[in-house]
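See structure below.
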Amino acid sequence: YTFSSIMSIVFYFQPLTQSNNQLNGNITLWPVLYWTSLFLISLMPLFQFDNSKIVKFTYKSNLLDKIVILGIIVSIIPFLEQLLLIPEILGGGNLDALGENMVDLHDESSLENMSVLGRNGLRFNVAIYDLSFIILFIQFLKEKKNKLIIFGLFFIIITRNLTGIIAGHRSAAIEVIMKVLLVAIIAYPLIGSKEKKVIKNFMIWSFSIVGAVFMVITIGRQMLYSVTKSEDFTMTYFLSWYAGEGLINFNQFLPLMKNTTNGEYTCWTLLQLLGESPHELDYDYMYGKLTRIQGIPQNIFYTYIGNFVQDFGFFFAAIIISISSFAVRAITKVRGSVMKISTLFFIFSWASIILRGVTSFCYNGSNGKFAILTIIIYF
């Protein structure tokens, strides 16, 4: 969030930002105070976890191993189908062709060109994606590590992220970095010096590979945008736009919002369970009907707090986020030094919402049902 704040300042003063009607006036104080207050309230469960004296986690080892093995099996077909698309997207190594392919695919469904087996296999893969990082954390804690399980976890994670690469989304790369960082932060105080060295090397390799993927996507899209949109569409503008626009957009646009979306961003799955028919948050709906309903730009970053405001307005968003934070804090409170891995999963999911929330709510739209499916599968 410190980095994002710095990038917000850079983005605000970019020539293209000033000349492209991306600003609605000066930054005002009350949205800043509102956002900061809710952000600090959101951090309470993480502060509590950080101050705990946990030395051991309990879990169902056999069940977790079976979930990973099943995850390997169902990920094979979507992995192969997506892998076959990579050469076409790379455009023969031509960055201009890469940029065109990335932009063309950016707003298409990631599942559009996959078979029925591939689509359903990927849906199960996505359902256990977050849990995979927790199981990876468990493997780091074990003295005798299961190489098949570790391989399977990497296979599951890579399969999920091929989807983001094929769709031209950089968020998939950023998400991996954030989740790896979360696992490392949780595991580091609980492991010996040898394992700490392994984690350091793992993080270096992960950040290098994921960073390279991020830059390939960024360079390809920036080169095309600099030709099709404006020569002021520089790399500095592009990176600051991605990393810093959420805080600026929250301040500039949400106070002008005409109507709420009644939960379609943050409570899509709950609405569906209640018998409602929430819209799929696809390109046409967001740029068309939703833009007219709310009177503000859609499909841009407003941060996770902004997505709750879009759904419920400033007053009720504050109540919902506050109650949710207090509830997670109560659920994850540990007396003693032993924590169930299921409790850790709640902490991990909440931390993911906050970390990814610098851009948007990570379980938005139908993505929320994947989190619920994960809970059903494990709990």
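Letters A, B, ... mark the chains of the structure tokens in the order given; residue numbers begin at 1 per chain; ligand numbers begin at 1, in order shown.
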_Please list as number ranges by chain every residue within 12 Å of Ile191 of chain A, counting only C-alpha atoms and excluding residues in the same chain fewer than 4 positions away._
A: 55-56, 137-143, 184-187, 195-199
*asked:* At a cut-off of 9 Å, using only C-alpha atoms, what residues contact Phe345 of chain A? Leave out same-chain residues fewer than 5 positions from it and give the result as a PyMOL selection string.
replied: chain A and resi 130-131+134+340+350+375
Residues of the last selection are to be written out with all heavy atoms, as a compact mmCIF listing (two decimals), in the first residue's frame.
# COMPACT_ATOMS: atom_id res chain seq x y z
N ASP A 130 -6.36 -21.19 -3.53
CA ASP A 130 -5.88 -20.59 -2.28
C ASP A 130 -5.41 -21.65 -1.30
O ASP A 130 -4.40 -21.48 -0.62
CB ASP A 130 -6.99 -19.75 -1.65
CG ASP A 130 -7.10 -18.37 -2.29
OD1 ASP A 130 -6.32 -18.09 -3.22
OD2 ASP A 130 -7.98 -17.59 -1.88
N LEU A 131 -6.16 -22.74 -1.22
CA LEU A 131 -5.79 -23.82 -0.30
C LEU A 131 -4.44 -24.42 -0.67
O LEU A 131 -3.69 -24.88 0.20
CB LEU A 131 -6.87 -24.90 -0.31
CG LEU A 131 -6.77 -26.01 0.72
CD1 LEU A 131 -6.76 -25.44 2.13
CD2 LEU A 131 -7.92 -27.00 0.56
N ILE A 134 -1.68 -22.83 1.22
CA ILE A 134 -1.64 -23.26 2.61
C ILE A 134 -0.98 -24.64 2.73
O ILE A 134 -0.17 -24.88 3.62
CB ILE A 134 -3.07 -23.31 3.20
CG1 ILE A 134 -3.69 -21.92 3.21
CG2 ILE A 134 -3.06 -23.90 4.60
CD1 ILE A 134 -3.01 -20.94 4.11
N LYS A 340 -5.52 -24.41 14.35
CA LYS A 340 -5.97 -25.31 13.30
C LYS A 340 -5.66 -24.69 11.94
O LYS A 340 -5.73 -23.48 11.77
CB LYS A 340 -7.47 -25.55 13.41
CG LYS A 340 -7.90 -26.37 14.61
CD LYS A 340 -9.41 -26.57 14.60
CE LYS A 340 -9.86 -27.40 15.80
NZ LYS A 340 -11.33 -27.60 15.80
N TRP A 350 -8.49 -13.66 4.32
CA TRP A 350 -8.71 -12.25 4.69
C TRP A 350 -7.51 -11.39 4.28
O TRP A 350 -7.68 -10.29 3.75
CB TRP A 350 -8.96 -12.14 6.19
CG TRP A 350 -9.34 -10.75 6.65
CD1 TRP A 350 -8.55 -9.86 7.30
CD2 TRP A 350 -10.61 -10.12 6.48
NE1 TRP A 350 -9.24 -8.70 7.56
CE2 TRP A 350 -10.51 -8.82 7.07
CE3 TRP A 350 -11.82 -10.50 5.90
CZ2 TRP A 350 -11.57 -7.93 7.08
CZ3 TRP A 350 -12.88 -9.60 5.92
CH2 TRP A 350 -12.76 -8.33 6.50
N ILE A 375 -13.95 -24.06 1.02
CA ILE A 375 -14.35 -24.33 2.41
C ILE A 375 -15.11 -25.65 2.50
O ILE A 375 -14.88 -26.46 3.40
CB ILE A 375 -15.22 -23.16 2.93
CG1 ILE A 375 -14.36 -21.89 3.04
CG2 ILE A 375 -15.81 -23.50 4.30
CD1 ILE A 375 -15.14 -20.65 3.36
*Which residue, A:Asn299, A:Ser325, A:Asn201, A:Ser132, has the smallest gap to Phe151 of chain A when you use only C-alpha atoms?*
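Of all the options, A:Ser132 lies closest to Phe151 of chain A.
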_Report, in Å to a single decimal, how far apart atom CA of Ala127 of chain A and atom CA of Phe346 of chain A are._
14.8 Å
*Please, what distance in Å, to one decimal, runs between atom CA of Gly263 of chain A and atom CA of Gln294 of chain A?*
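Between these atoms lies a distance of 13.2 Å.
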*asked:* Could you check the closest approach to Leu247 of chain A for each of A:Phe316, A:Phe348, A:Tyr302, A:Phe49 and tell me which residue wins, using only C-alpha atoms?
replied: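 Under the stated criterion, the closest residue is A:Tyr302.
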_Nearby residues (only C-alpha atoms) at most 8 Å from Asn259 of chain A, same-chain spacing under 3 positions excluded, as a VMD selection string_ = chain A and resid 293 to 295 310
Serialized selection, C-alpha atoms, as an mmCIF file, in the first residue's frame:
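The file below, out-v2.cif, is the result:
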data_model
loop_
_atom_site.group_PDB
_atom_site.id
_atom_site.type_symbol
_atom_site.label_atom_id
_atom_site.label_comp_id
_atom_site.auth_asym_id
_atom_site.auth_seq_id
_atom_site.Cartn_x
_atom_site.Cartn_y
_atom_site.Cartn_z
ATOM 1 C CA ILE A 293 -26.675 2.707 -13.607
ATOM 2 C CA GLN A 294 -23.846 4.047 -11.474
ATOM 3 C CA GLY A 295 -22.821 7.016 -13.594
ATOM 4 C CA GLN A 310 -20.209 0.423 -5.146
#
*asked:* Please determine, counting only C-alpha atoms, which residue among A:Gly121, A:Pro45, A:Pro15, A:Pro255 has the shortest atom-to-atom distance to Ile323 of chain A.
replied: A:Pro45
Give me, as CSV, the closest atom pair and its distance (Å, one decimal) for every residue of segment 129-202 of chain A within a cut-off of 8 Å of segment 75-81 of chain A, counting only C-alpha atoms, rows sorted by chain and rising number.
residue,atom,partner,partner_atom,distance
A:Phe155,CA,A:Ser75,CA,7.8
A:Ile156,CA,A:Ser75,CA,6.4
A:Thr159,CA,A:Phe79,CA,5.1
A:Leu162,CA,A:Phe79,CA,7.6
Once you have the residues from the selection above, write them out as a PDB file, in the first residue's frame, restricted to all heavy atoms.
ATOM      1  N   PHE A 155       2.101 -27.513  -9.890  1.00  0.00           N
ATOM      2  CA  PHE A 155       1.344 -27.791 -11.112  1.00  0.00           C
ATOM      3  C   PHE A 155      -0.031 -27.117 -11.060  1.00  0.00           C
ATOM      4  O   PHE A 155      -0.473 -26.507 -12.030  1.00  0.00           O
ATOM      5  CB  PHE A 155       1.194 -29.303 -11.287  1.00  0.00           C
ATOM      6  CG  PHE A 155       0.519 -29.717 -12.558  1.00  0.00           C
ATOM      7  CD1 PHE A 155       1.111 -29.475 -13.788  1.00  0.00           C
ATOM      8  CD2 PHE A 155      -0.718 -30.352 -12.528  1.00  0.00           C
ATOM      9  CE1 PHE A 155       0.490 -29.854 -14.966  1.00  0.00           C
ATOM     10  CE2 PHE A 155      -1.355 -30.740 -13.694  1.00  0.00           C
ATOM     11  CZ  PHE A 155      -0.746 -30.486 -14.922  1.00  0.00           C
ATOM     12  N   ILE A 156      -0.697 -27.217  -9.919  1.00  0.00           N
ATOM     13  CA  ILE A 156      -2.011 -26.586  -9.736  1.00  0.00           C
ATOM     14  C   ILE A 156      -1.896 -25.064  -9.855  1.00  0.00           C
ATOM     15  O   ILE A 156      -2.695 -24.407 -10.528  1.00  0.00           O
ATOM     16  CB  ILE A 156      -2.604 -26.971  -8.364  1.00  0.00           C
ATOM     17  CG1 ILE A 156      -2.977 -28.464  -8.363  1.00  0.00           C
ATOM     18  CG2 ILE A 156      -3.830 -26.123  -8.031  1.00  0.00           C
ATOM     19  CD1 ILE A 156      -3.281 -29.017  -6.977  1.00  0.00           C
ATOM     20  N   THR A 159      -1.106 -24.004 -13.501  1.00  0.00           N
ATOM     21  CA  THR A 159      -2.295 -24.165 -14.354  1.00  0.00           C
ATOM     22  C   THR A 159      -3.243 -22.984 -14.192  1.00  0.00           C
ATOM     23  O   THR A 159      -3.746 -22.439 -15.176  1.00  0.00           O
ATOM     24  CB  THR A 159      -3.034 -25.470 -14.011  1.00  0.00           C
ATOM     25  OG1 THR A 159      -2.155 -26.573 -14.219  1.00  0.00           O
ATOM     26  CG2 THR A 159      -4.269 -25.647 -14.888  1.00  0.00           C
ATOM     27  N   LEU A 162      -1.733 -19.837 -15.892  1.00  0.00           N
ATOM     28  CA  LEU A 162      -1.748 -19.820 -17.353  1.00  0.00           C
ATOM     29  C   LEU A 162      -3.009 -19.125 -17.865  1.00  0.00           C
ATOM     30  O   LEU A 162      -2.983 -18.465 -18.902  1.00  0.00           O
ATOM     31  CB  LEU A 162      -1.685 -21.254 -17.896  1.00  0.00           C
ATOM     32  CG  LEU A 162      -0.321 -21.933 -17.907  1.00  0.00           C
ATOM     33  CD1 LEU A 162      -0.458 -23.379 -18.388  1.00  0.00           C
ATOM     34  CD2 LEU A 162       0.656 -21.186 -18.793  1.00  0.00           C
TER      35      LEU A 162
END
Selection: 12 Å around Leu46 of chain A, only C-alpha atoms, excl. self and same-chain fewer than 3 positions, as a PDB file with N, CA, C and O atoms, in the first residue's frame:
ATOM      1  N   PHE A  39      -9.580   0.807   6.212  1.00  0.00           N
ATOM      2  CA  PHE A  39      -8.385  -0.002   5.980  1.00  0.00           C
ATOM      3  C   PHE A  39      -7.776  -0.455   7.306  1.00  0.00           C
ATOM      4  O   PHE A  39      -7.426  -1.623   7.484  1.00  0.00           O
ATOM      5  N   LEU A  40      -7.660   0.476   8.259  1.00  0.00           N
ATOM      6  CA  LEU A  40      -7.097   0.135   9.569  1.00  0.00           C
ATOM      7  C   LEU A  40      -7.989  -0.844  10.321  1.00  0.00           C
ATOM      8  O   LEU A  40      -7.503  -1.754  10.994  1.00  0.00           O
ATOM      9  N   ILE A  41      -9.299  -0.674  10.217  1.00  0.00           N
ATOM     10  CA  ILE A  41     -10.234  -1.625  10.833  1.00  0.00           C
ATOM     11  C   ILE A  41     -10.062  -3.014  10.212  1.00  0.00           C
ATOM     12  O   ILE A  41     -10.086  -4.031  10.916  1.00  0.00           O
ATOM     13  N   SER A  42      -9.852  -3.059   8.897  1.00  0.00           N
ATOM     14  CA  SER A  42      -9.666  -4.339   8.203  1.00  0.00           C
ATOM     15  C   SER A  42      -8.428  -5.076   8.683  1.00  0.00           C
ATOM     16  O   SER A  42      -8.369  -6.313   8.625  1.00  0.00           O
ATOM     17  N   LEU A  43      -7.443  -4.340   9.148  1.00  0.00           N
ATOM     18  CA  LEU A  43      -6.171  -4.951   9.556  1.00  0.00           C
ATOM     19  C   LEU A  43      -6.226  -5.609  10.935  1.00  0.00           C
ATOM     20  O   LEU A  43      -5.289  -6.319  11.318  1.00  0.00           O
ATOM     21  N   PHE A  49      -3.288 -11.838  14.712  1.00  0.00           N
ATOM     22  CA  PHE A  49      -2.510 -13.015  14.322  1.00  0.00           C
ATOM     23  C   PHE A  49      -1.018 -12.757  14.505  1.00  0.00           C
ATOM     24  O   PHE A  49      -0.275 -13.622  14.977  1.00  0.00           O
ATOM     25  N   ASP A  50      -0.573 -11.565  14.162  1.00  0.00           N
ATOM     26  CA  ASP A  50       0.835 -11.228  14.266  1.00  0.00           C
ATOM     27  C   ASP A  50       1.307 -11.242  15.719  1.00  0.00           C
ATOM     28  O   ASP A  50       2.459 -11.582  16.002  1.00  0.00           O
ATOM     29  N   ASN A  51       0.415 -10.906  16.633  1.00  0.00           N
ATOM     30  CA  ASN A  51       0.780 -10.862  18.055  1.00  0.00           C
ATOM     31  C   ASN A  51       0.601 -12.199  18.767  1.00  0.00           C
ATOM     32  O   ASN A  51       0.922 -12.317  19.951  1.00  0.00           O
ATOM     33  N   SER A  52       0.072 -13.199  18.080  1.00  0.00           N
ATOM     34  CA  SER A  52      -0.138 -14.510  18.704  1.00  0.00           C
ATOM     35  C   SER A  52       1.190 -15.254  18.856  1.00  0.00           C
ATOM     36  O   SER A  52       2.178 -14.929  18.196  1.00  0.00           O
ATOM     37  N   LEU A 182       2.820 -13.975   1.440  1.00  0.00           N
ATOM     38  CA  LEU A 182       2.008 -14.299   2.621  1.00  0.00           C
ATOM     39  C   LEU A 182       2.476 -15.595   3.270  1.00  0.00           C
ATOM     40  O   LEU A 182       2.652 -15.666   4.494  1.00  0.00           O
ATOM     41  N   ILE A 185       5.816 -15.084   5.011  1.00  0.00           N
ATOM     42  CA  ILE A 185       5.701 -14.321   6.257  1.00  0.00           C
ATOM     43  C   ILE A 185       5.173 -15.202   7.385  1.00  0.00           C
ATOM     44  O   ILE A 185       5.647 -15.137   8.526  1.00  0.00           O
ATOM     45  N   ILE A 186       4.179 -16.047   7.063  1.00  0.00           N
ATOM     46  CA  ILE A 186       3.595 -16.931   8.079  1.00  0.00           C
ATOM     47  C   ILE A 186       4.598 -18.010   8.508  1.00  0.00           C
ATOM     48  O   ILE A 186       4.743 -18.319   9.688  1.00  0.00           O
ATOM     49  N   SER A 325     -14.673  -7.566   9.719  1.00  0.00           N
ATOM     50  CA  SER A 325     -13.355  -7.583  10.343  1.00  0.00           C
ATOM     51  C   SER A 325     -13.427  -8.071  11.787  1.00  0.00           C
ATOM     52  O   SER A 325     -12.608  -8.899  12.224  1.00  0.00           O
ATOM     53  N   PHE A 326     -14.423  -7.581  12.546  1.00  0.00           N
ATOM     54  CA  PHE A 326     -14.588  -8.042  13.935  1.00  0.00           C
ATOM     55  C   PHE A 326     -14.931  -9.536  13.971  1.00  0.00           C
ATOM     56  O   PHE A 326     -14.476 -10.270  14.852  1.00  0.00           O
ATOM     57  N   VAL A 328     -14.105 -11.919  11.682  1.00  0.00           N
ATOM     58  CA  VAL A 328     -12.898 -12.689  11.353  1.00  0.00           C
ATOM     59  C   VAL A 328     -11.935 -12.689  12.535  1.00  0.00           C
ATOM     60  O   VAL A 328     -11.305 -13.708  12.845  1.00  0.00           O
ATOM     61  N   ARG A 329     -11.837 -11.551  13.190  1.00  0.00           N
ATOM     62  CA  ARG A 329     -10.963 -11.465  14.372  1.00  0.00           C
ATOM     63  C   ARG A 329     -11.422 -12.431  15.455  1.00  0.00           C
ATOM     64  O   ARG A 329     -10.601 -13.105  16.104  1.00  0.00           O
ATOM     65  N   ALA A 330     -12.740 -12.521  15.658  1.00  0.00           N
ATOM     66  CA  ALA A 330     -13.278 -13.436  16.679  1.00  0.00           C
ATOM     67  C   ALA A 330     -13.086 -14.895  16.272  1.00  0.00           C
ATOM     68  O   ALA A 330     -12.696 -15.736  17.097  1.00  0.00           O
ATOM     69  N   THR A 332     -10.824 -16.193  14.335  1.00  0.00           N
ATOM     70  CA  THR A 332      -9.421 -16.604  14.232  1.00  0.00           C
ATOM     71  C   THR A 332      -8.632 -16.379  15.528  1.00  0.00           C
ATOM     72  O   THR A 332      -7.415 -16.549  15.544  1.00  0.00           O
ATOM     73  N   LYS A 333      -9.329 -16.005  16.582  1.00  0.00           N
ATOM     74  CA  LYS A 333      -8.628 -15.807  17.852  1.00  0.00           C
ATOM     75  C   LYS A 333      -8.173 -17.146  18.410  1.00  0.00           C
ATOM     76  O   LYS A 333      -8.940 -18.100  18.480  1.00  0.00           O
ATOM     77  N   LEU A 344      -6.151 -20.876  10.023  1.00  0.00           N
ATOM     78  CA  LEU A 344      -5.139 -20.189   9.225  1.00  0.00           C
ATOM     79  C   LEU A 344      -5.683 -19.854   7.837  1.00  0.00           C
ATOM     80  O   LEU A 344      -5.362 -18.798   7.275  1.00  0.00           O
ATOM     81  N   PHE A 346      -8.700 -18.999   7.048  1.00  0.00           N
ATOM     82  CA  PHE A 346      -9.488 -17.773   7.151  1.00  0.00           C
ATOM     83  C   PHE A 346      -8.584 -16.543   7.190  1.00  0.00           C
ATOM     84  O   PHE A 346      -8.871 -15.527   6.550  1.00  0.00           O
ATOM     85  N   ILE A 347      -7.488 -16.643   7.954  1.00  0.00           N
ATOM     86  CA  ILE A 347      -6.529 -15.533   8.014  1.00  0.00           C
ATOM     87  C   ILE A 347      -5.934 -15.277   6.638  1.00  0.00           C
ATOM     88  O   ILE A 347      -5.806 -14.125   6.183  1.00  0.00           O
ATOM     89  N   PHE A 348      -5.549 -16.365   5.968  1.00  0.00           N
ATOM     90  CA  PHE A 348      -4.924 -16.264   4.643  1.00  0.00           C
ATOM     91  C   PHE A 348      -5.897 -15.613   3.645  1.00  0.00           C
ATOM     92  O   PHE A 348      -5.509 -14.740   2.868  1.00  0.00           O
ATOM     93  N   SER A 349      -7.159 -16.033   3.678  1.00  0.00           N
ATOM     94  CA  SER A 349      -8.152 -15.478   2.761  1.00  0.00           C
ATOM     95  C   SER A 349      -8.402 -14.000   3.040  1.00  0.00           C
ATOM     96  O   SER A 349      -8.516 -13.192   2.117  1.00  0.00           O
ATOM     97  N   TRP A 350      -8.488 -13.656   4.324  1.00  0.00           N
ATOM     98  CA  TRP A 350      -8.708 -12.251   4.690  1.00  0.00           C
ATOM     99  C   TRP A 350      -7.509 -11.395   4.279  1.00  0.00           C
ATOM    100  O   TRP A 350      -7.675 -10.286   3.747  1.00  0.00           O
ATOM    101  N   ALA A 351      -6.300 -11.916   4.506  1.00  0.00           N
ATOM    102  CA  ALA A 351      -5.094 -11.194   4.098  1.00  0.00           C
ATOM    103  C   ALA A 351      -5.035 -11.040   2.580  1.00  0.00           C
ATOM    104  O   ALA A 351      -4.576 -10.013   2.068  1.00  0.00           O
ATOM    105  N   SER A 352      -5.513 -12.054   1.852  1.00  0.00           N
ATOM    106  CA  SER A 352      -5.543 -11.977   0.391  1.00  0.00           C
ATOM    107  C   SER A 352      -6.478 -10.869  -0.081  1.00  0.00           C
ATOM    108  O   SER A 352      -6.177 -10.145  -1.029  1.00  0.00           O
ATOM    109  N   ILE A 353      -7.628 -10.748   0.604  1.00  0.00           N
ATOM    110  CA  ILE A 353      -8.573  -9.681   0.259  1.00  0.00           C
ATOM    111  C   ILE A 353      -7.908  -8.318   0.414  1.00  0.00           C
ATOM    112  O   ILE A 353      -8.046  -7.440  -0.446  1.00  0.00           O
ATOM    113  N   ILE A 354      -7.158  -8.155   1.492  1.00  0.00           N
ATOM    114  CA  ILE A 354      -6.521  -6.857   1.742  1.00  0.00           C
ATOM    115  C   ILE A 354      -5.362  -6.614   0.777  1.00  0.00           C
ATOM    116  O   ILE A 354      -5.237  -5.527   0.193  1.00  0.00           O
ATOM    117  N   LEU A 355      -4.509  -7.626   0.593  1.00  0.00           N
ATOM    118  CA  LEU A 355      -3.361  -7.451  -0.304  1.00  0.00           C
ATOM    119  C   LEU A 355      -3.795  -7.200  -1.744  1.00  0.00           C
ATOM    120  O   LEU A 355      -3.347  -6.251  -2.383  1.00  0.00           O
TER     121      LEU A 355
END
*Between atom CA of Val213 of chain A and atom CA of Met7 of chain A, measure the distance and give it in Å to one decimal.*
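For atom CA of Val213 of chain A relative to atom CA of Met7 of chain A, the distance reads 20.7 Å.
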*Which of these, A:Gly164, A:Gly357, A:Gly211, A:Gly192, has the shortest distance to Thr303 of chain A once you count only C-alpha atoms?*
A:Gly357
*asked:* Using only C-alpha atoms for the distances, tell me which of A:Val216, A:Phe233, A:Ser193, A:Gly365 is nearest to Leu271 of chain A.
replied: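 Once distances to Leu271 of chain A are computed over only C-alpha atoms, the minimum belongs to A:Gly365.
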*asked:* List the spatial neighbours of Asn262 of chain A as a VMD selection string - criterion: any atom at most 12 Å away, only C-alpha atoms, same-chain residues fewer than 3 positions off excluded.
replied: chain A and resid 259 265 to 268 270 to 271 276 to 279 290 293 to 294 307 to 313 316 to 317
